[in-house]
file model-v7.cif (mmCIF, C-alpha atoms)
data_input
#
loop_
_atom_site.label_atom_id
_atom_site.label_comp_id
_atom_site.auth_asym_id
_atom_site.auth_seq_id
_atom_site.Cartn_x
_atom_site.Cartn_y
_atom_site.Cartn_z
CA ASN A 13 -13.59 -9.03 -12.30
CA PRO A 14 -10.35 -9.87 -10.43
CA ASN A 15 -8.96 -11.66 -13.53
CA GLU A 16 -8.84 -8.51 -15.68
CA ARG A 17 -5.46 -7.18 -16.82
CA VAL A 18 -6.67 -3.66 -15.96
CA ARG A 19 -9.09 -3.94 -13.07
CA ARG A 20 -11.64 -1.19 -12.62
CA VAL A 21 -12.05 -0.37 -8.94
CA ARG A 22 -14.99 1.54 -7.57
CA LEU A 23 -14.87 2.62 -3.93
CA PRO A 24 -18.04 3.31 -1.92
CA GLU A 25 -19.40 6.84 -2.28
CA SER A 26 -20.27 8.95 0.73
CA GLY A 27 -21.94 11.98 -0.83
CA ASP A 28 -18.82 12.95 -2.78
CA ALA A 29 -18.13 11.19 -6.08
CA ARG A 30 -14.49 12.31 -6.05
CA CYS A 31 -11.82 9.61 -5.63
CA THR A 32 -14.11 6.65 -6.18
CA ARG A 33 -12.94 5.21 -9.52
CA PHE A 34 -9.50 3.83 -10.25
CA ASP A 35 -8.00 1.62 -12.96
CA VAL A 36 -5.32 -0.77 -11.75
CA GLU A 37 -3.07 -2.72 -14.12
CA GLN A 38 -2.16 -6.11 -12.68
CA ASP A 39 -0.10 -9.10 -13.78
CA ILE A 40 -2.36 -12.12 -13.35
CA GLY A 41 -0.15 -15.12 -12.65
CA GLY A 42 2.88 -12.90 -12.12
CA PRO A 43 5.82 -14.14 -10.08
CA ASP A 44 5.21 -11.87 -7.08
CA THR A 45 2.42 -11.49 -4.55
CA GLY A 46 2.37 -7.77 -5.37
CA SER A 47 1.41 -8.35 -8.99
CA VAL A 48 -2.34 -8.67 -8.31
CA LEU A 49 -4.80 -6.50 -6.41
CA TRP A 50 -5.44 -7.89 -2.93
CA SER A 51 -8.64 -7.33 -0.96
CA GLY A 52 -6.68 -5.54 1.77
CA SER A 53 -5.86 -2.75 -0.71
CA LEU A 54 -9.55 -2.31 -1.45
CA VAL A 55 -10.44 -2.23 2.25
CA LEU A 56 -7.65 0.22 3.11
CA SER A 57 -8.50 2.45 0.14
CA ALA A 58 -12.16 2.59 1.21
CA ALA A 59 -11.10 3.36 4.81
CA LEU A 60 -8.83 6.21 3.68
CA ARG A 61 -11.65 7.64 1.62
CA ALA A 62 -14.17 7.35 4.47
CA HIS A 63 -11.81 8.83 7.08
CA ALA A 64 -9.66 11.24 5.05
CA ALA A 65 -10.57 14.25 7.18
CA SER A 66 -9.96 12.59 10.55
CA LEU A 67 -6.67 11.16 9.26
CA GLY A 68 -5.60 14.65 8.17
CA LEU A 69 -4.87 13.42 4.65
CA ALA A 70 -5.20 16.82 2.96
CA GLY A 71 -1.70 18.27 2.75
CA ALA A 72 -0.09 15.29 4.52
CA SER A 73 3.00 13.38 3.50
CA ALA A 74 2.17 9.70 3.06
CA ILE A 75 4.14 6.51 2.43
CA GLU A 76 2.76 3.14 1.48
CA LEU A 77 4.81 0.09 2.46
CA GLY A 78 4.43 -3.01 0.32
CA THR A 79 2.54 -0.99 -2.27
CA GLY A 80 2.32 -3.68 -4.92
CA LEU A 81 0.21 -2.10 -7.64
CA GLY A 82 -0.15 1.28 -5.92
CA LEU A 83 -3.92 1.57 -5.43
CA VAL A 84 -3.68 2.85 -1.85
CA ALA A 85 -1.00 5.38 -2.83
CA SER A 86 -3.21 6.55 -5.73
CA VAL A 87 -6.15 7.00 -3.37
CA ALA A 88 -4.06 8.94 -0.82
CA ARG A 89 -2.87 11.32 -3.55
CA CYS A 90 -6.38 11.74 -4.92
CA LEU A 91 -7.61 12.60 -1.42
CA GLY A 92 -5.13 15.47 -1.14
CA ALA A 93 -1.87 14.12 0.28
CA SER A 94 0.80 16.61 -0.76
CA THR A 95 3.48 13.95 -1.13
CA VAL A 96 2.99 10.22 -1.65
CA LEU A 97 5.77 7.65 -1.77
CA ALA A 98 4.82 4.12 -2.84
CA THR A 99 7.42 1.54 -1.76
CA ASP A 100 7.91 -2.18 -2.30
CA GLY A 101 10.79 -4.57 -1.78
CA ASP A 102 10.31 -6.19 -5.19
CA ALA A 103 11.78 -4.02 -7.94
CA SER A 104 9.97 -6.04 -10.64
CA ILE A 105 6.58 -4.74 -9.47
CA LEU A 106 7.56 -1.06 -9.30
CA PRO A 107 6.92 -0.37 -13.04
CA PHE A 108 3.30 -1.51 -12.56
CA CYS A 109 2.99 0.85 -9.60
CA GLU A 110 4.46 3.75 -11.60
CA ARG A 111 2.01 3.16 -14.45
CA ASN A 112 -0.92 2.92 -12.04
CA LEU A 113 0.02 6.14 -10.26
CA ALA A 114 0.23 7.90 -13.64
CA ARG A 115 -3.01 6.28 -14.86
CA ASN A 116 -4.90 7.45 -11.77
CA GLN A 117 -3.45 10.93 -11.35
CA GLY A 118 -6.65 12.68 -12.44
CA ASP A 119 -6.86 16.13 -10.88
CA ALA A 120 -4.54 15.27 -7.99
CA ASP A 121 -2.03 18.00 -7.21
CA GLY A 122 0.18 15.95 -4.91
CA ALA A 123 3.55 14.62 -5.93
CA ALA A 124 3.93 10.86 -6.19
CA ALA A 125 7.04 8.73 -6.43
CA VAL A 126 7.93 5.05 -6.30
CA ALA A 127 10.93 3.52 -4.52
CA LYS A 128 12.33 0.14 -3.60
CA LEU A 129 12.44 -0.43 0.16
CA TRP A 130 13.20 -3.56 2.16
CA TRP A 131 11.75 -3.50 5.65
CA GLY A 132 14.43 -3.27 8.27
CA ASP A 133 16.89 -1.51 5.93
CA ALA A 134 17.58 1.32 8.36
CA PRO A 135 19.89 3.42 6.12
CA ALA A 136 17.39 3.30 3.23
CA ALA A 137 14.44 4.17 5.50
CA ARG A 138 16.33 7.08 7.09
CA ARG A 139 17.12 8.50 3.64
CA LEU A 140 13.38 8.63 2.86
CA GLY A 141 12.63 10.88 5.84
CA GLN A 142 9.57 10.90 8.06
CA PHE A 143 5.90 10.91 7.07
CA ASP A 144 2.59 12.08 8.50
CA LEU A 145 0.81 8.91 7.40
CA ILE A 146 2.16 5.38 6.95
CA VAL A 147 -0.13 2.83 5.31
CA GLY A 148 0.15 -0.83 4.41
CA ALA A 149 -2.36 -3.36 3.08
CA ASP A 150 -1.85 -7.11 3.55
CA VAL A 151 1.85 -6.57 4.05
CA VAL A 152 2.44 -9.57 6.34
CA TYR A 153 0.33 -12.52 5.42
CA ALA A 154 2.13 -15.86 5.59
CA SER A 155 2.38 -18.23 8.53
CA ASP A 156 5.44 -20.03 9.88
CA SER A 157 4.20 -23.16 8.10
CA VAL A 158 4.69 -21.34 4.78
CA LEU A 159 7.84 -19.31 5.54
CA GLY A 160 9.56 -21.55 8.09
CA HIS A 161 9.74 -21.37 11.88
CA GLY A 162 10.19 -17.80 13.14
CA ALA A 163 10.07 -16.20 9.68
CA ARG A 164 6.86 -14.30 10.35
CA GLU A 165 8.35 -12.72 13.48
CA VAL A 166 11.39 -11.62 11.48
CA SER A 167 9.10 -10.09 8.86
CA PHE A 168 7.09 -8.25 11.54
CA ALA A 169 10.29 -7.05 13.22
CA GLY A 170 11.61 -5.53 9.98
CA LEU A 171 8.24 -3.92 9.30
CA LEU A 172 7.98 -2.43 12.82
CA CYS A 173 11.55 -1.14 12.60
CA THR A 174 10.72 0.54 9.30
CA TYR A 175 7.54 2.08 10.75
CA TRP A 176 9.56 3.48 13.62
CA LEU A 177 12.21 4.98 11.32
CA LEU A 178 9.63 6.60 9.01
CA ALA A 179 7.46 8.03 11.79
CA HIS A 180 7.59 11.26 13.76
CA GLU A 181 5.72 11.90 17.02
CA ASN A 182 2.42 12.70 15.24
CA THR A 183 2.50 10.02 12.53
CA THR A 184 -0.62 7.94 12.00
CA VAL A 185 -0.18 4.30 10.94
CA VAL A 186 -3.06 2.50 9.21
CA MET A 187 -2.68 -1.13 8.23
CA THR A 188 -5.04 -3.87 7.02
CA TYR A 189 -4.42 -7.51 7.69
CA LYS A 190 -6.35 -10.68 6.96
CA ASN A 191 -5.52 -13.85 8.83
CA ARG A 192 -5.43 -16.44 6.10
CA ASN A 193 -4.36 -19.34 8.32
CA GLN A 194 -7.44 -20.58 10.18
CA LEU A 195 -5.28 -22.76 12.46
CA GLU A 196 -3.65 -19.80 14.17
#
call {"tool": "encode", "arguments": {"input": "model-v7.cif", "output": "structure tokens"}}
result
Amino acid sequence: NPNERVRRVRLPESGDARCTRFDVEQDIGGPDTGSVLWSGSLVLSAALRAHAASLGLAGASAIELGTGLGLVASVARCLGASTVLATDGDASILPFCERNLARNQGDADGAAAVAKLWWGDAPAARRLGQFDLIVGADVVYASDSVLGHGAREVSFAGLLCTYWLLAHENTTVVMTYKNRNQLE
């Protein structure tokens, strides 16, 4: 039920029951888009689980941009990422992410941390270092009609700049996106 304060998430199994169940605390009606669990996080989490081996997740360093509640970061850590950094530009949502990472630690050995990061903030991104895997679910979603003319392009530009700063030559980027404006 998407209206639950703590939403129980079950990802599809593929012969291995590991990393299929997660509890995610959300803030229904909260002031930020990151305060509820979006479908893109579920899709990206299922994709990470289904393709963990081909993505080289075991032992990888991973960063989630626009983490919101931290489900994708929790899944990456459960699947064996050695280091996971969950980032969001909204500091008010980071305590939810921290609690969800702790709640879903299970048997995961990997280290997990949470940090505030605005896309396009080059000095902040450089301080974080480079990662083997960069993930983001529903991170750019609004149209110009919602944000104002050209705002979406600015958002994409900051996001792409941040990807570039966090990546090395063998980094894999996985992103989910749902076009919510049927007119575009």
call {"tool": "residues_around", "arguments": {"input": "model-v7.cif", "residues": "A:Ala98", "least_positions_apart": "6", "cutoff": "10 Å", "atoms": "all atoms listed in the file", "output": "MDAnalysis selection string"}}
result
chainID A and resid 74:86 106 109:110 113 124:129 147:148
call {"tool": "atom_distance", "arguments": {"input": "model-v7.cif", "atom1": "atom CA of A:Glu25", "atom2": "atom CA of A:Val185"}}
result
23.5 Å
call {"tool": "resolve_selection", "arguments": {"input": "model-v7.cif", "expression": "the PyMOL selection byres ((chain A and resi 41-49) around 8)", "output": "NGL selection string"}}
result
:A and (14 or 36 or 38-40 or 50-51 or 53 or 78-81 or 102 or 105 or 108)
call {"tool": "write_last_selection", "arguments": {"input": "model-v7.cif", "atoms": "C-alpha atoms", "output": "PDB file, keeping the file's coordinate frame"}}
result
ATOM      1  CA  PRO A  14     -10.350  -9.870 -10.430  1.00  0.00           C
ATOM      2  CA  VAL A  36      -5.320  -0.770 -11.750  1.00  0.00           C
ATOM      3  CA  GLN A  38      -2.160  -6.110 -12.680  1.00  0.00           C
ATOM      4  CA  ASP A  39      -0.100  -9.100 -13.780  1.00  0.00           C
ATOM      5  CA  ILE A  40      -2.360 -12.120 -13.350  1.00  0.00           C
ATOM      6  CA  TRP A  50      -5.440  -7.890  -2.930  1.00  0.00           C
ATOM      7  CA  SER A  51      -8.640  -7.330  -0.960  1.00  0.00           C
ATOM      8  CA  SER A  53      -5.860  -2.750  -0.710  1.00  0.00           C
ATOM      9  CA  GLY A  78       4.430  -3.010   0.320  1.00  0.00           C
ATOM     10  CA  THR A  79       2.540  -0.990  -2.270  1.00  0.00           C
ATOM     11  CA  GLY A  80       2.320  -3.680  -4.920  1.00  0.00           C
ATOM     12  CA  LEU A  81       0.210  -2.100  -7.640  1.00  0.00           C
ATOM     13  CA  ASP A 102      10.310  -6.190  -5.190  1.00  0.00           C
ATOM     14  CA  ILE A 105       6.580  -4.740  -9.470  1.00  0.00           C
ATOM     15  CA  PHE A 108       3.300  -1.510 -12.560  1.00  0.00           C
TER      16      PHE A 108
END
call {"tool": "residues_around", "arguments": {"input": "model-v7.cif", "residues": "A:Glu37", "least_positions_apart": "4", "cutoff": "8 Å", "atoms": "all atoms listed in the file", "output": "ChimeraX atom specification"}}
result
/A:17-19,81,108,111-112
call {"tool": "resolve_selection", "arguments": {"input": "model-v7.cif", "expression": "the PyMOL selection byres ((chain A and resi 30) around 12)", "output": "compact mmCIF listing (two decimals) with C-alpha atoms, in the frame of the given file"}}
result
# COMPACT_ATOMS: atom_id res chain seq x y z
CA ARG A 22 -14.99 1.54 -7.57
CA LEU A 23 -14.87 2.62 -3.93
CA PRO A 24 -18.04 3.31 -1.92
CA GLU A 25 -19.40 6.84 -2.28
CA SER A 26 -20.27 8.95 0.73
CA GLY A 27 -21.94 11.98 -0.83
CA ASP A 28 -18.82 12.95 -2.78
CA ALA A 29 -18.13 11.19 -6.08
CA CYS A 31 -11.82 9.61 -5.63
CA THR A 32 -14.11 6.65 -6.18
CA ARG A 33 -12.94 5.21 -9.52
CA PHE A 34 -9.50 3.83 -10.25
CA ARG A 61 -11.65 7.64 1.62
CA ALA A 62 -14.17 7.35 4.47
CA VAL A 87 -6.15 7.00 -3.37
CA ARG A 89 -2.87 11.32 -3.55
CA CYS A 90 -6.38 11.74 -4.92
CA LEU A 91 -7.61 12.60 -1.42
CA GLY A 92 -5.13 15.47 -1.14
CA GLY A 118 -6.65 12.68 -12.44
CA ASP A 119 -6.86 16.13 -10.88
CA ALA A 120 -4.54 15.27 -7.99
call {"tool": "resolve_selection", "arguments": {"input": "model-v7.cif", "expression": "the PyMOL selection byres ((chain A and resi 122) around 6)", "output": "count of residues only"}}
result
7
call {"tool": "closest_residue", "arguments": {"input": "model-v7.cif", "among": "A:Ala72, A:Leu178, A:Ala114, A:Leu60", "to": "A:Pro135", "atoms": "all atoms listed in the file"}}
result
A:Leu178
call {"tool": "residues_around", "arguments": {"input": "model-v7.cif", "residues": "A:Ala134", "least_positions_apart": "3", "cutoff": "8 Å", "atoms": "only C-alpha atoms", "output": "mmCIF file with C-alpha atoms, in the coordinates of the input"}}
result
data_model
loop_
_atom_site.group_PDB
_atom_site.id
_atom_site.type_symbol
_atom_site.label_atom_id
_atom_site.label_comp_id
_atom_site.auth_asym_id
_atom_site.auth_seq_id
_atom_site.Cartn_x
_atom_site.Cartn_y
_atom_site.Cartn_z
ATOM 1 C CA ALA A 137 14.440 4.170 5.500
ATOM 2 C CA ARG A 138 16.330 7.080 7.090
ATOM 3 C CA CYS A 173 11.550 -1.140 12.600
ATOM 4 C CA THR A 174 10.720 0.540 9.300
ATOM 5 C CA LEU A 177 12.210 4.980 11.320
#
call {"tool": "atom_distance", "arguments": {"input": "model-v7.cif", "atom1": "atom CA of A:Ala179", "atom2": "atom CA of A:Arg115"}}
result
28.7 Å
call {"tool": "atom_distance", "arguments": {"input": "model-v7.cif", "atom1": "atom CA of A:Pro107", "atom2": "atom CA of A:Ala59"}}
result
25.6 Å
call {"tool": "closest_residue", "arguments": {"input": "model-v7.cif", "among": "A:Gly71, A:Thr188, A:Val152, A:Ala169", "to": "A:Ala58", "atoms": "all atoms listed in the file"}}
result
A:Thr188
call {"tool": "closest_residue", "arguments": {"input": "model-v7.cif", "among": "A:Ala136, A:Gln142, A:Val151, A:Ala88", "to": "A:Ala70", "atoms": "only C-alpha atoms"}}
result
A:Ala88
call {"tool": "residues_near_point", "arguments": {"input": "model-v7.cif", "point": "(7.4, 14.1, 12.9)", "cutoff": "10 Å", "atoms": "all atoms listed in the file", "output": "number ranges by chain"}}
result
A: 141-144, 178-183
call {"tool": "closest_residue", "arguments": {"input": "model-v7.cif", "among": "A:Leu54, A:Asn191, A:Tyr175, A:Thr99", "to": "A:Ile146", "atoms": "only C-alpha atoms"}}
result
A:Tyr175
call {"tool": "closest_residue", "arguments": {"input": "model-v7.cif", "among": "A:Leu56, A:Met187, A:Leu145, A:Leu172", "to": "A:Leu97", "atoms": "all atoms listed in the file"}}
result
A:Leu145
